[in-house]
>>> print(open('upload39.pdb').read())   # PDB, C-alpha atoms and all ligand atoms
ATOM      1  CA  MET A   3      65.764 -33.335 -51.169
ATOM      2  CA  GLU A   4      61.993 -33.454 -50.861
ATOM      3  CA  ILE A   5      59.599 -30.833 -52.197
ATOM      4  CA  VAL A   6      56.277 -30.481 -50.426
ATOM      5  CA  HIS A   7      53.423 -28.195 -51.337
ATOM      6  CA  THR A   8      50.810 -28.511 -48.600
ATOM      7  CA  PRO A   9      50.928 -27.433 -44.943
ATOM      8  CA  ALA A  10      49.739 -30.906 -43.916
ATOM      9  CA  ALA A  11      52.575 -32.659 -45.795
ATOM     10  CA  MET A  12      55.113 -30.192 -44.428
ATOM     11  CA  SER A  13      53.932 -30.650 -40.843
ATOM     12  CA  ALA A  14      54.034 -34.439 -41.249
ATOM     13  CA  TRP A  15      57.621 -34.218 -42.566
ATOM     14  CA  SER A  16      58.684 -32.106 -39.563
ATOM     15  CA  ARG A  17      56.892 -34.377 -37.115
ATOM     16  CA  ALA A  18      58.757 -37.392 -38.498
ATOM     17  CA  ALA A  19      62.085 -35.512 -38.120
ATOM     18  CA  ARG A  20      61.230 -34.610 -34.518
ATOM     19  CA  ASP A  21      60.218 -38.193 -33.738
ATOM     20  CA  GLU A  22      63.692 -39.252 -34.907
ATOM     21  CA  GLY A  23      65.189 -36.685 -32.523
ATOM     22  CA  ARG A  24      66.583 -34.527 -35.333
ATOM     23  CA  SER A  25      66.749 -30.744 -35.047
ATOM     24  CA  LEU A  26      65.390 -28.609 -37.884
ATOM     25  CA  ALA A  27      66.423 -25.172 -39.142
ATOM     26  CA  LEU A  28      64.311 -23.001 -41.459
ATOM     27  CA  VAL A  29      65.361 -20.394 -44.000
ATOM     28  CA  PRO A  30      62.197 -18.581 -45.146
ATOM     29  CA  THR A  31      62.496 -17.114 -48.667
ATOM     30  CA  MET A  32      60.435 -15.806 -51.541
ATOM     31  CA  GLY A  33      62.628 -17.744 -53.971
ATOM     32  CA  CYS A  34      64.843 -16.297 -56.714
ATOM     33  CA  LEU A  35      67.712 -17.626 -54.637
ATOM     34  CA  HIS A  36      71.099 -15.910 -54.804
ATOM     35  CA  ALA A  37      74.364 -16.036 -52.871
ATOM     36  CA  GLY A  38      72.764 -14.097 -50.004
ATOM     37  CA  HIS A  39      70.193 -16.870 -49.503
ATOM     38  CA  LEU A  40      72.903 -19.518 -49.827
ATOM     39  CA  SER A  41      74.801 -17.884 -46.972
ATOM     40  CA  LEU A  42      71.641 -18.071 -44.809
ATOM     41  CA  MET A  43      71.380 -21.760 -45.673
ATOM     42  CA  ALA A  44      75.037 -22.341 -44.784
ATOM     43  CA  ALA A  45      74.512 -20.611 -41.415
ATOM     44  CA  ALA A  46      71.403 -22.727 -40.784
ATOM     45  CA  ARG A  47      73.082 -25.981 -41.845
ATOM     46  CA  GLN A  48      75.815 -25.530 -39.239
ATOM     47  CA  ARG A  49      73.270 -25.289 -36.439
ATOM     48  CA  ALA A  50      70.795 -28.113 -37.062
ATOM     49  CA  ASP A  51      70.568 -31.688 -38.339
ATOM     50  CA  LEU A  52      68.051 -30.832 -41.062
ATOM     51  CA  LEU A  53      67.404 -27.790 -43.200
ATOM     52  CA  ALA A  54      64.045 -26.641 -44.548
ATOM     53  CA  VAL A  55      63.686 -23.760 -47.014
ATOM     54  CA  SER A  56      60.319 -22.205 -47.743
ATOM     55  CA  ILE A  57      59.731 -20.642 -51.145
ATOM     56  CA  PHE A  58      56.598 -18.529 -51.120
ATOM     57  CA  VAL A  59      56.000 -15.139 -52.732
ATOM     58  CA  ASN A  60      53.725 -13.821 -50.030
ATOM     59  CA  PRO A  61      50.968 -11.572 -51.419
ATOM     60  CA  ALA A  62      50.143 -10.256 -47.939
ATOM     61  CA  GLN A  63      53.397  -8.303 -47.722
ATOM     62  CA  PHE A  64      53.035  -6.462 -51.050
ATOM     63  CA  GLY A  65      51.066  -3.221 -51.391
ATOM     64  CA  PRO A  66      48.574  -2.798 -54.257
ATOM     65  CA  ASP A  67      51.088  -0.831 -56.365
ATOM     66  CA  GLU A  68      54.064  -3.068 -55.610
ATOM     67  CA  ASP A  69      55.782  -5.798 -57.590
ATOM     68  CA  PHE A  70      53.924  -8.942 -56.443
ATOM     69  CA  ALA A  71      52.972  -9.959 -59.997
ATOM     70  CA  ALA A  72      56.400  -9.095 -61.422
ATOM     71  CA  TYR A  73      58.409 -10.636 -58.583
ATOM     72  CA  PRO A  74      60.828 -13.113 -60.222
ATOM     73  CA  ARG A  75      59.740 -16.751 -59.908
ATOM     74  CA  ILE A  76      62.358 -19.313 -60.983
ATOM     75  CA  PHE A  77      61.264 -22.407 -59.097
ATOM     76  CA  GLU A  78      63.260 -25.032 -61.046
ATOM     77  CA  ALA A  79      66.530 -23.099 -60.689
ATOM     78  CA  ASP A  80      65.764 -22.471 -57.003
ATOM     79  CA  CYS A  81      65.265 -26.199 -56.387
ATOM     80  CA  GLN A  82      68.583 -26.974 -58.039
ATOM     81  CA  ALA A  83      70.415 -24.311 -56.000
ATOM     82  CA  ALA A  84      68.767 -25.548 -52.793
ATOM     83  CA  GLU A  85      69.682 -29.157 -53.511
ATOM     84  CA  GLU A  86      73.317 -28.144 -54.116
ATOM     85  CA  ALA A  87      73.250 -26.227 -50.813
ATOM     86  CA  GLY A  88      72.260 -29.404 -48.960
ATOM     87  CA  VAL A  89      68.640 -28.471 -48.253
ATOM     88  CA  ASP A  90      66.568 -31.425 -47.002
ATOM     89  CA  VAL A  91      63.096 -30.146 -47.754
ATOM     90  CA  ILE A  92      61.529 -27.315 -49.716
ATOM     91  CA  PHE A  93      58.127 -26.069 -48.648
ATOM     92  CA  ALA A  94      56.508 -24.357 -51.630
ATOM     93  CA  PRO A  95      52.794 -23.869 -50.958
ATOM     94  CA  ASP A  96      50.213 -22.233 -53.231
ATOM     95  CA  VAL A  97      48.702 -18.939 -52.136
ATOM     96  CA  SER A  98      45.387 -20.732 -51.543
ATOM     97  CA  ALA A  99      47.064 -23.186 -49.157
ATOM     98  CA  VAL A 100      48.476 -20.366 -47.026
ATOM     99  CA  TYR A 101      45.460 -18.052 -47.268
ATOM    100  CA  PRO A 102      42.451 -20.322 -47.829
ATOM    101  CA  PRO A 103      38.970 -18.834 -48.272
ATOM    102  CA  GLY A 104      37.830 -17.377 -44.955
ATOM    103  CA  PHE A 105      41.348 -16.452 -43.833
ATOM    104  CA  GLN A 106      41.001 -13.378 -41.590
ATOM    105  CA  THR A 107      43.767 -13.300 -38.978
ATOM    106  CA  MET A 108      46.787 -11.007 -39.151
ATOM    107  CA  VAL A 109      49.685 -10.592 -36.717
ATOM    108  CA  ARG A 110      50.927  -7.040 -36.055
ATOM    109  CA  VAL A 111      54.067  -5.805 -34.297
ATOM    110  CA  LYS A 112      53.024  -2.290 -33.315
ATOM    111  CA  GLU A 113      55.948  -0.004 -32.518
ATOM    112  CA  LEU A 114      58.912  -1.355 -34.485
ATOM    113  CA  THR A 115      56.949  -1.198 -37.736
ATOM    114  CA  LYS A 116      56.031   2.486 -37.557
ATOM    115  CA  GLY A 117      59.129   3.963 -39.236
ATOM    116  CA  LEU A 118      61.552   3.123 -42.051
ATOM    117  CA  CYS A 119      60.110   0.467 -44.424
ATOM    118  CA  GLY A 120      56.965   0.312 -42.279
ATOM    119  CA  ALA A 121      56.234   3.962 -43.043
ATOM    120  CA  SER A 122      56.832   3.677 -46.774
ATOM    121  CA  ARG A 123      55.155   0.269 -47.158
ATOM    122  CA  PRO A 124      51.989   0.366 -45.021
ATOM    123  CA  GLY A 125      50.883  -3.138 -43.996
ATOM    124  CA  HIS A 126      54.087  -4.750 -45.285
ATOM    125  CA  PHE A 127      55.287  -6.041 -41.913
ATOM    126  CA  ASP A 128      51.818  -7.318 -40.962
ATOM    127  CA  GLY A 129      52.092  -9.534 -44.039
ATOM    128  CA  VAL A 130      55.650 -10.571 -43.166
ATOM    129  CA  VAL A 131      55.036 -11.528 -39.541
ATOM    130  CA  THR A 132      51.741 -13.228 -40.343
ATOM    131  CA  VAL A 133      53.357 -15.495 -42.915
ATOM    132  CA  VAL A 134      56.427 -16.096 -40.720
ATOM    133  CA  ALA A 135      54.156 -17.060 -37.790
ATOM    134  CA  LYS A 136      52.319 -19.462 -40.089
ATOM    135  CA  LEU A 137      55.589 -20.946 -41.373
ATOM    136  CA  PHE A 138      56.790 -21.462 -37.799
ATOM    137  CA  ASN A 139      53.534 -23.191 -36.848
ATOM    138  CA  ILE A 140      53.520 -25.416 -39.933
ATOM    139  CA  ILE A 141      57.240 -26.289 -39.997
ATOM    140  CA  GLN A 142      58.008 -26.132 -36.251
ATOM    141  CA  PRO A 143      61.734 -25.379 -36.674
ATOM    142  CA  GLN A 144      64.030 -25.022 -33.672
ATOM    143  CA  LEU A 145      65.765 -22.102 -35.350
ATOM    144  CA  ALA A 146      65.301 -19.806 -38.322
ATOM    145  CA  VAL A 147      67.849 -17.678 -40.155
ATOM    146  CA  PHE A 148      67.043 -14.226 -41.599
ATOM    147  CA  GLY A 149      69.342 -11.854 -43.480
ATOM    148  CA  GLU A 150      70.509  -8.599 -41.930
ATOM    149  CA  LYS A 151      69.882  -6.837 -45.235
ATOM    150  CA  ASP A 152      66.230  -6.633 -44.157
ATOM    151  CA  PHE A 153      67.345  -5.288 -40.807
ATOM    152  CA  GLN A 154      63.947  -3.975 -39.732
ATOM    153  CA  GLN A 155      62.344  -7.285 -40.732
ATOM    154  CA  LEU A 156      64.818  -9.136 -38.520
ATOM    155  CA  ALA A 157      63.990  -6.858 -35.557
ATOM    156  CA  VAL A 158      60.252  -7.207 -36.164
ATOM    157  CA  VAL A 159      60.442 -11.020 -36.399
ATOM    158  CA  ARG A 160      62.474 -11.141 -33.174
ATOM    159  CA  ALA A 161      59.809  -9.039 -31.433
ATOM    160  CA  MET A 162      57.017 -11.287 -32.730
ATOM    161  CA  VAL A 163      58.833 -14.424 -31.532
ATOM    162  CA  ARG A 164      59.433 -12.899 -28.101
ATOM    163  CA  ASP A 165      55.921 -11.481 -27.692
ATOM    164  CA  LEU A 166      54.075 -14.591 -28.885
ATOM    165  CA  ASN A 167      56.397 -17.091 -27.142
ATOM    166  CA  PHE A 168      57.432 -18.965 -30.250
ATOM    167  CA  ALA A 169      60.051 -21.582 -29.318
ATOM    168  CA  VAL A 170      62.219 -20.653 -32.305
ATOM    169  CA  GLU A 171      65.721 -19.210 -32.066
ATOM    170  CA  ILE A 172      66.184 -16.361 -34.550
ATOM    171  CA  ILE A 173      69.624 -16.011 -36.117
ATOM    172  CA  GLY A 174      70.623 -12.892 -38.062
ATOM    173  CA  SER A 175      73.101 -13.455 -40.871
ATOM    174  CA  PRO A 176      75.381 -10.753 -42.360
ATOM    175  CA  ILE A 177      74.697  -9.057 -45.695
ATOM    176  CA  VAL A 178      76.348 -10.659 -48.723
ATOM    177  CA  ARG A 179      77.598  -8.144 -51.274
ATOM    178  CA  GLU A 180      78.644  -8.227 -54.921
ATOM    179  CA  LYS A 181      82.344  -7.508 -55.522
ATOM    180  CA  ASP A 182      81.613  -3.803 -55.961
ATOM    181  CA  GLY A 183      79.615  -3.620 -52.719
ATOM    182  CA  LEU A 184      76.011  -3.809 -53.939
ATOM    183  CA  ALA A 185      74.001  -5.855 -51.431
ATOM    184  CA  MET A 186      72.620  -9.028 -53.018
ATOM    185  CA  SER A 187      68.885  -8.827 -53.643
ATOM    186  CA  SER A 188      66.390 -10.599 -55.868
ATOM    187  CA  ARG A 189      65.310  -7.139 -57.016
ATOM    188  CA  ASN A 190      68.778  -6.292 -58.407
ATOM    189  CA  ARG A 191      67.744  -8.123 -61.563
ATOM    190  CA  TYR A 192      65.212  -5.344 -62.292
ATOM    191  CA  LEU A 193      68.076  -2.820 -62.713
ATOM    192  CA  SER A 194      69.284  -1.608 -66.123
ATOM    193  CA  PRO A 195      73.096  -1.331 -66.451
ATOM    194  CA  ALA A 196      72.906   2.423 -65.711
ATOM    195  CA  GLU A 197      70.649   1.835 -62.687
ATOM    196  CA  ARG A 198      72.931  -0.963 -61.492
ATOM    197  CA  GLN A 199      75.779   1.580 -61.508
ATOM    198  CA  ALA A 200      73.650   4.167 -59.703
ATOM    199  CA  ALA A 201      72.722   1.561 -57.064
ATOM    200  CA  LEU A 202      76.304   1.661 -55.797
ATOM    201  CA  CYS A 203      75.367   4.909 -54.054
ATOM    202  CA  LEU A 204      74.055   2.820 -51.145
ATOM    203  CA  TYR A 205      77.332   1.090 -50.395
ATOM    204  CA  GLN A 206      79.279   4.279 -51.080
ATOM    205  CA  ALA A 207      77.080   6.074 -48.550
ATOM    206  CA  LEU A 208      77.776   3.384 -45.972
ATOM    207  CA  GLN A 209      81.513   3.522 -46.560
ATOM    208  CA  TRP A 210      81.509   7.312 -46.362
ATOM    209  CA  ALA A 211      79.558   7.277 -43.094
ATOM    210  CA  ARG A 212      81.948   4.679 -41.688
ATOM    211  CA  ARG A 213      84.937   6.838 -42.587
ATOM    212  CA  GLN A 214      83.328   9.852 -40.944
ATOM    213  CA  ALA A 215      82.589   7.832 -37.819
ATOM    214  CA  ALA A 216      86.129   6.465 -37.732
ATOM    215  CA  GLU A 217      87.515   9.987 -38.038
ATOM    216  CA  GLY A 218      85.508  11.147 -35.045
ATOM    217  CA  GLU A 219      82.251  12.524 -36.448
ATOM    218  CA  GLN A 220      79.514  11.955 -33.871
ATOM    219  CA  ASP A 221      76.704  14.115 -35.146
ATOM    220  CA  CYS A 222      74.198  11.831 -36.881
ATOM    221  CA  GLY A 223      72.230  14.758 -38.299
ATOM    222  CA  ARG A 224      75.279  16.025 -40.140
ATOM    223  CA  ILE A 225      76.081  12.618 -41.627
ATOM    224  CA  ILE A 226      72.469  12.167 -42.742
ATOM    225  CA  ALA A 227      72.188  15.679 -44.214
ATOM    226  CA  HIS A 228      75.332  15.191 -46.265
ATOM    227  CA  LEU A 229      74.351  11.738 -47.535
ATOM    228  CA  THR A 230      70.782  12.745 -48.370
ATOM    229  CA  THR A 231      72.078  15.542 -50.597
ATOM    230  CA  ALA A 232      74.833  13.411 -52.120
ATOM    231  CA  ILE A 233      72.413  10.601 -53.030
ATOM    232  CA  ALA A 234      69.637  12.906 -54.189
ATOM    233  CA  ASP A 235      72.149  14.498 -56.601
ATOM    234  CA  LYS A 236      72.547  11.170 -58.437
ATOM    235  CA  PRO A 237      70.358  11.072 -61.545
ATOM    236  CA  GLY A 238      67.386   8.710 -61.275
ATOM    237  CA  VAL A 239      67.860   8.020 -57.559
ATOM    238  CA  ARG A 240      65.284   9.054 -54.953
ATOM    239  CA  VAL A 241      65.922   8.687 -51.232
ATOM    240  CA  GLU A 242      62.994   7.062 -49.452
ATOM    241  CA  TYR A 243      64.628   7.136 -46.044
ATOM    242  CA  LEU A 244      68.104   7.479 -44.642
ATOM    243  CA  GLU A 245      68.551   7.263 -40.879
ATOM    244  CA  ILE A 246      71.030   6.361 -38.200
ATOM    245  CA  VAL A 247      69.238   4.161 -35.675
ATOM    246  CA  ASP A 248      70.013   2.092 -32.632
ATOM    247  CA  ASN A 249      70.557  -1.574 -33.559
ATOM    248  CA  SER A 250      68.275  -2.889 -30.836
ATOM    249  CA  ASP A 251      65.080  -0.831 -31.115
ATOM    250  CA  LEU A 252      65.541   1.151 -34.369
ATOM    251  CA  ARG A 253      65.212   4.423 -32.434
ATOM    252  CA  GLU A 254      66.676   7.333 -34.395
ATOM    253  CA  LEU A 255      69.980   8.514 -32.894
ATOM    254  CA  GLU A 256      71.304  12.053 -32.643
ATOM    255  CA  ILE A 257      74.787  11.102 -31.478
ATOM    256  CA  LEU A 258      76.699   8.029 -32.670
ATOM    257  CA  THR A 259      76.897   5.181 -30.174
ATOM    258  CA  ASP A 260      78.462   1.726 -30.306
ATOM    259  CA  SER A 261      75.129   0.330 -31.481
ATOM    260  CA  ALA A 262      74.553   2.821 -34.311
ATOM    261  CA  ARG A 263      73.450   1.599 -37.737
ATOM    262  CA  LEU A 264      72.967   3.492 -40.984
ATOM    263  CA  ILE A 265      69.801   2.247 -42.645
ATOM    264  CA  MET A 266      68.593   3.317 -46.085
ATOM    265  CA  ALA A 267      65.983   2.801 -48.781
ATOM    266  CA  VAL A 268      66.143   4.356 -52.230
ATOM    267  CA  ARG A 269      64.178   4.112 -55.443
ATOM    268  CA  ILE A 270      66.192   3.784 -58.602
ATOM    269  CA  GLY A 271      63.821   4.054 -61.524
ATOM    270  CA  ARG A 272      61.041   1.647 -60.540
ATOM    271  CA  THR A 273      63.205  -0.501 -58.269
ATOM    272  CA  ARG A 274      63.255  -0.131 -54.515
ATOM    273  CA  LEU A 275      66.523  -1.100 -52.824
ATOM    274  CA  ILE A 276      67.491  -1.217 -49.162
ATOM    275  CA  ASP A 277      70.838  -1.480 -47.385
ATOM    276  CA  ASN A 278      72.306  -0.941 -43.931
ATOM    277  CA  GLY A 279      75.437  -1.374 -41.889
ATOM    278  CA  ALA A 280      76.884  -0.757 -38.455
ATOM    279  CA  LEU A 281      78.834   2.450 -37.861
ATOM    280  CA  PHE A 282      81.734   2.285 -35.466
ATOM    281  CA  PRO A 283      82.428   5.506 -33.566
ATOM    282  CA  ALA A 284      86.071   6.418 -33.041
ATOM    283  CA  ARG A 285      87.234   5.557 -29.516
ATOM    284  CA  ASP A 286      88.141   9.126 -28.582
ATOM    285  CA  SER A 287      85.582  10.922 -30.740
ATOM    286  CA  LYS A 288      85.697  14.637 -31.334
ATOM    287  CA  ILE A 289      83.185  16.521 -33.443
ATOM    288  CA  ILE A 290      84.684  17.188 -36.898
ATOM    289  CA  THR A 291      83.431  19.154 -39.874
ATOM    290  CA  THR A 292      81.604  17.049 -42.417
ATOM    291  CA  GLN A 293      83.074  17.451 -45.896
ATOM    292  CA  GLY A 294      83.798  15.495 -49.056
ATOM    293  CA  ALA A 295      81.481  13.644 -51.358
ATOM    294  CA  THR A 296      80.345  10.050 -51.604
TER
HETATM  295  O1  LIG B   1      62.698 -11.768 -46.547
HETATM  296  C1  LIG B   1      61.879 -12.405 -47.251
HETATM  297  O2  LIG B   1      62.213 -12.993 -48.272
HETATM  298  C2  LIG B   1      60.408 -12.416 -46.831
HETATM  299  O3  LIG B   1      60.023 -11.209 -46.268
HETATM  300  C3  LIG B   1      60.060 -13.591 -45.915
HETATM  301  C4  LIG B   1      60.804 -13.504 -44.590
HETATM  302  C5  LIG B   1      60.395 -14.904 -46.602
HETATM  303  C6  LIG B   1      58.561 -13.583 -45.594
HETATM  304  O4  LIG B   1      57.801 -13.703 -46.751
END
>>> encode(input="upload39.pdb", output="C-alpha cells")
Amino acid sequence: MEIVHTPAAMSAWSRAARDEGRSLALVPTMGCLHAGHLSLMAAARQRADLLAVSIFVNPAQFGPDEDFAAYPRIFEADCQAAEEAGVDVIFAPDVSAVYPPGFQTMVRVKELTKGLCGASRPGHFDGVVTVVAKLFNIIQPQLAVFGEKDFQQLAVVRAMVRDLNFAVEIIGSPIVREKDGLAMSSRNRYLSPAERQAALCLYQALQWARRQAAEGEQDCGRIIAHLTTAIADKPGVRVEYLEIVDNSDLRELEILTDSARLIMAVRIGRTRLIDNGALFPARDSKIITTQGAT
C-alpha cells in the first residue's frame, strides 16, 4: 500500500493506473476508520481493480463551533486498518495542499441542502461537495462509495455528480451497526457510557417506526409526533430533526410511500449523532392509532 500526501503525487499514481488499463475506486473518509468504513472499502474492492482511500479531516465542512479541532485523528491505526482491508493507496493531504493560499472556489448544491443537516449545519454541504469535487478531480476514480448513514450527503453528492457531469459512478452502501443497533460513527467515541446507552434511542425509534409502518400506520405526522416526544423525554437527548422523507429528493412526506425514509439527528450531551432507515408500508395499509413507547 502506498501513502501519498500531495495532489500531484496522487494524480500521477492514478494516471499510471489508468495507463495500465486498471479501474480505480475511491472511498473518501475523514479517517478514524471503523467497521462502517471497512464495509465501504469491501464494496469498492468488489467493483474495481484498485482501491484508493482518502483520509482528510476537511475544515471546510465544519462550522466555527463544531468539532474540527477535536475530531479524532489516528493516522497510524488508520493506515494499518486500510492495509488489512486491501487498500492500494491512501491519499492523506495537508489542509494547505487542499486549500492553498488564494483558494476561493466553493461548489454548492442548492435545493437538497436546505433542510435536515443543511439547516442545522449552515455551509456544511458546501464544504463536503467542494472537497469531494476536488478529490474526484485529483484522484479521477471510476466509482466512489459513500455510506448511507450520511443519507443527505449521499443525495447531495449524487446531485453534484449529475449536475457537473463528473464521470464517477456513486455507490451507496448500507449502514453498519453495533450489535445493539447503534450506527457506527467516528463520533461514537465521544460518548460517555451513559450517553452511549441513551444513543440507542435512534435505533429504537427506527424499529418502532418500522413496526408501526408494518402494522398499517400511514400517517407520517403521527409517527413523527410520537417519536419526537419519546426521544425528547430521554434525559440528555435533544432532537435536532426527525422527519420522514422521500428517498429520492428528501421531500418531507405526509403519507408513507414505498420510498419513505425516517431520518434523524440528535444531540446527546455535546455529541451530534445521525441515523436513518427505510420504512416499509404494509401492503394493505389502514390508518391505525399510534400507541406504545420506544
Ligand atoms: O463522510 C465523510 O467522512 C466526509 O463528509 C467526506 C465525504 C469524506 C468529505 O469530507
>>> resolve_selection(input="upload39.pdb", expression="the PyMOL selection byres (((chain A and resi 175-189) around 10) and not hetatm)", output="VMD selection string")
chain A and resid 32 to 46 69 73 to 75 147 to 153 156 172 to 174 190 to 193 198 to 199 201 to 206 208 to 209 273 to 279
>>> residues_near_ligand(input="upload39.pdb", ligand="ligand LIG 1 (chain B)", cutoff="8 Å", atoms="only C-alpha atoms and all ligand atoms", output="JSON, numbers by chain")
{"A": [29, 30, 31, 32, 33, 56, 57, 58, 59, 60, 63, 129, 130, 131, 133, 134, 148, 149, 152, 155]}
>>> atom_distance(input="upload39.pdb", atom1="atom CA of A:Glu113", atom2="atom CA of A:Ile226")
22.9 Å
>>> resolve_selection(input="upload39.pdb", expression="the PyMOL selection byres (((chain A and resi 65) around 10) and not hetatm)", output="PyMOL selection string")
chain A and resi 61-64+66-70+123-126+129
>>> atom_distance(input="upload39.pdb", atom1="atom CA of A:Leu53", atom2="atom CA of A:Cys81")
13.5 Å
>>> resolve_selection(input="upload39.pdb", expression="the PyMOL selection byres (((chain A and resi 90-102) around 7) and not hetatm)", output="VMD selection string")
chain A and resid 3 to 8 12 52 to 58 88 to 89 103 to 105
>>> residues_around(input="upload39.pdb", residues="A:Glu256", least_positions_apart="2", cutoff="10 Å", atoms="all atoms listed in the file", output="mmCIF file with C-alpha atoms, keeping the file's coordinate frame")
data_model
loop_
_atom_site.group_PDB
_atom_site.id
_atom_site.type_symbol
_atom_site.label_atom_id
_atom_site.label_comp_id
_atom_site.auth_asym_id
_atom_site.auth_seq_id
_atom_site.Cartn_x
_atom_site.Cartn_y
_atom_site.Cartn_z
ATOM 1 C CA GLN A 220 79.514 11.955 -33.871
ATOM 2 C CA ASP A 221 76.704 14.115 -35.146
ATOM 3 C CA CYS A 222 74.198 11.831 -36.881
ATOM 4 C CA GLY A 223 72.230 14.758 -38.299
ATOM 5 C CA ARG A 224 75.279 16.025 -40.140
ATOM 6 C CA GLU A 245 68.551 7.263 -40.879
ATOM 7 C CA ILE A 246 71.030 6.361 -38.200
ATOM 8 C CA VAL A 247 69.238 4.161 -35.675
ATOM 9 C CA ARG A 253 65.212 4.423 -32.434
ATOM 10 C CA GLU A 254 66.676 7.333 -34.395
ATOM 11 C CA LEU A 258 76.699 8.029 -32.670
ATOM 12 C CA THR A 259 76.897 5.181 -30.174
ATOM 13 C CA ALA A 262 74.553 2.821 -34.311
#
>>> axis_aligned_box(input="upload39.pdb", around="stretch 221-237 of chain A", padding_each_side="8 Å", output="AutoDock Vina command-line options")
--center_x 73.2 --center_y 13.3 --center_z -48.3 --size_x 23.1 --size_y 21.4 --size_z 42.4
>>> residues_around(input="upload39.pdb", residues="A:Arg212", least_positions_apart="4", cutoff="7 Å", atoms="all atoms listed in the file", output="JSON, numbers by chain")
{"A": [208, 216, 281, 282]}
>>> atom_distance(input="upload39.pdb", atom1="atom CA of A:Glu219", atom2="atom CA of A:Gly117")
24.8 Å
>>> closest_residue(input="upload39.pdb", among="A:Leu255, A:Ala196, A:Val163, A:Ala50", to="A:Arg24", atoms="only C-alpha atoms")
A:Ala50
>>> closest_residue(input="upload39.pdb", among="A:Ala84, A:Met162, A:Ala207, A:Leu28", to="A:Ala146", atoms="all atoms listed in the file")
A:Leu28
>>> residues_around(input="upload39.pdb", residues="A:Gly271", least_positions_apart="3", cutoff="8 Å", atoms="all atoms listed in the file", output="list of chain:residue names")
A:Glu197, A:Gly238, A:Val239
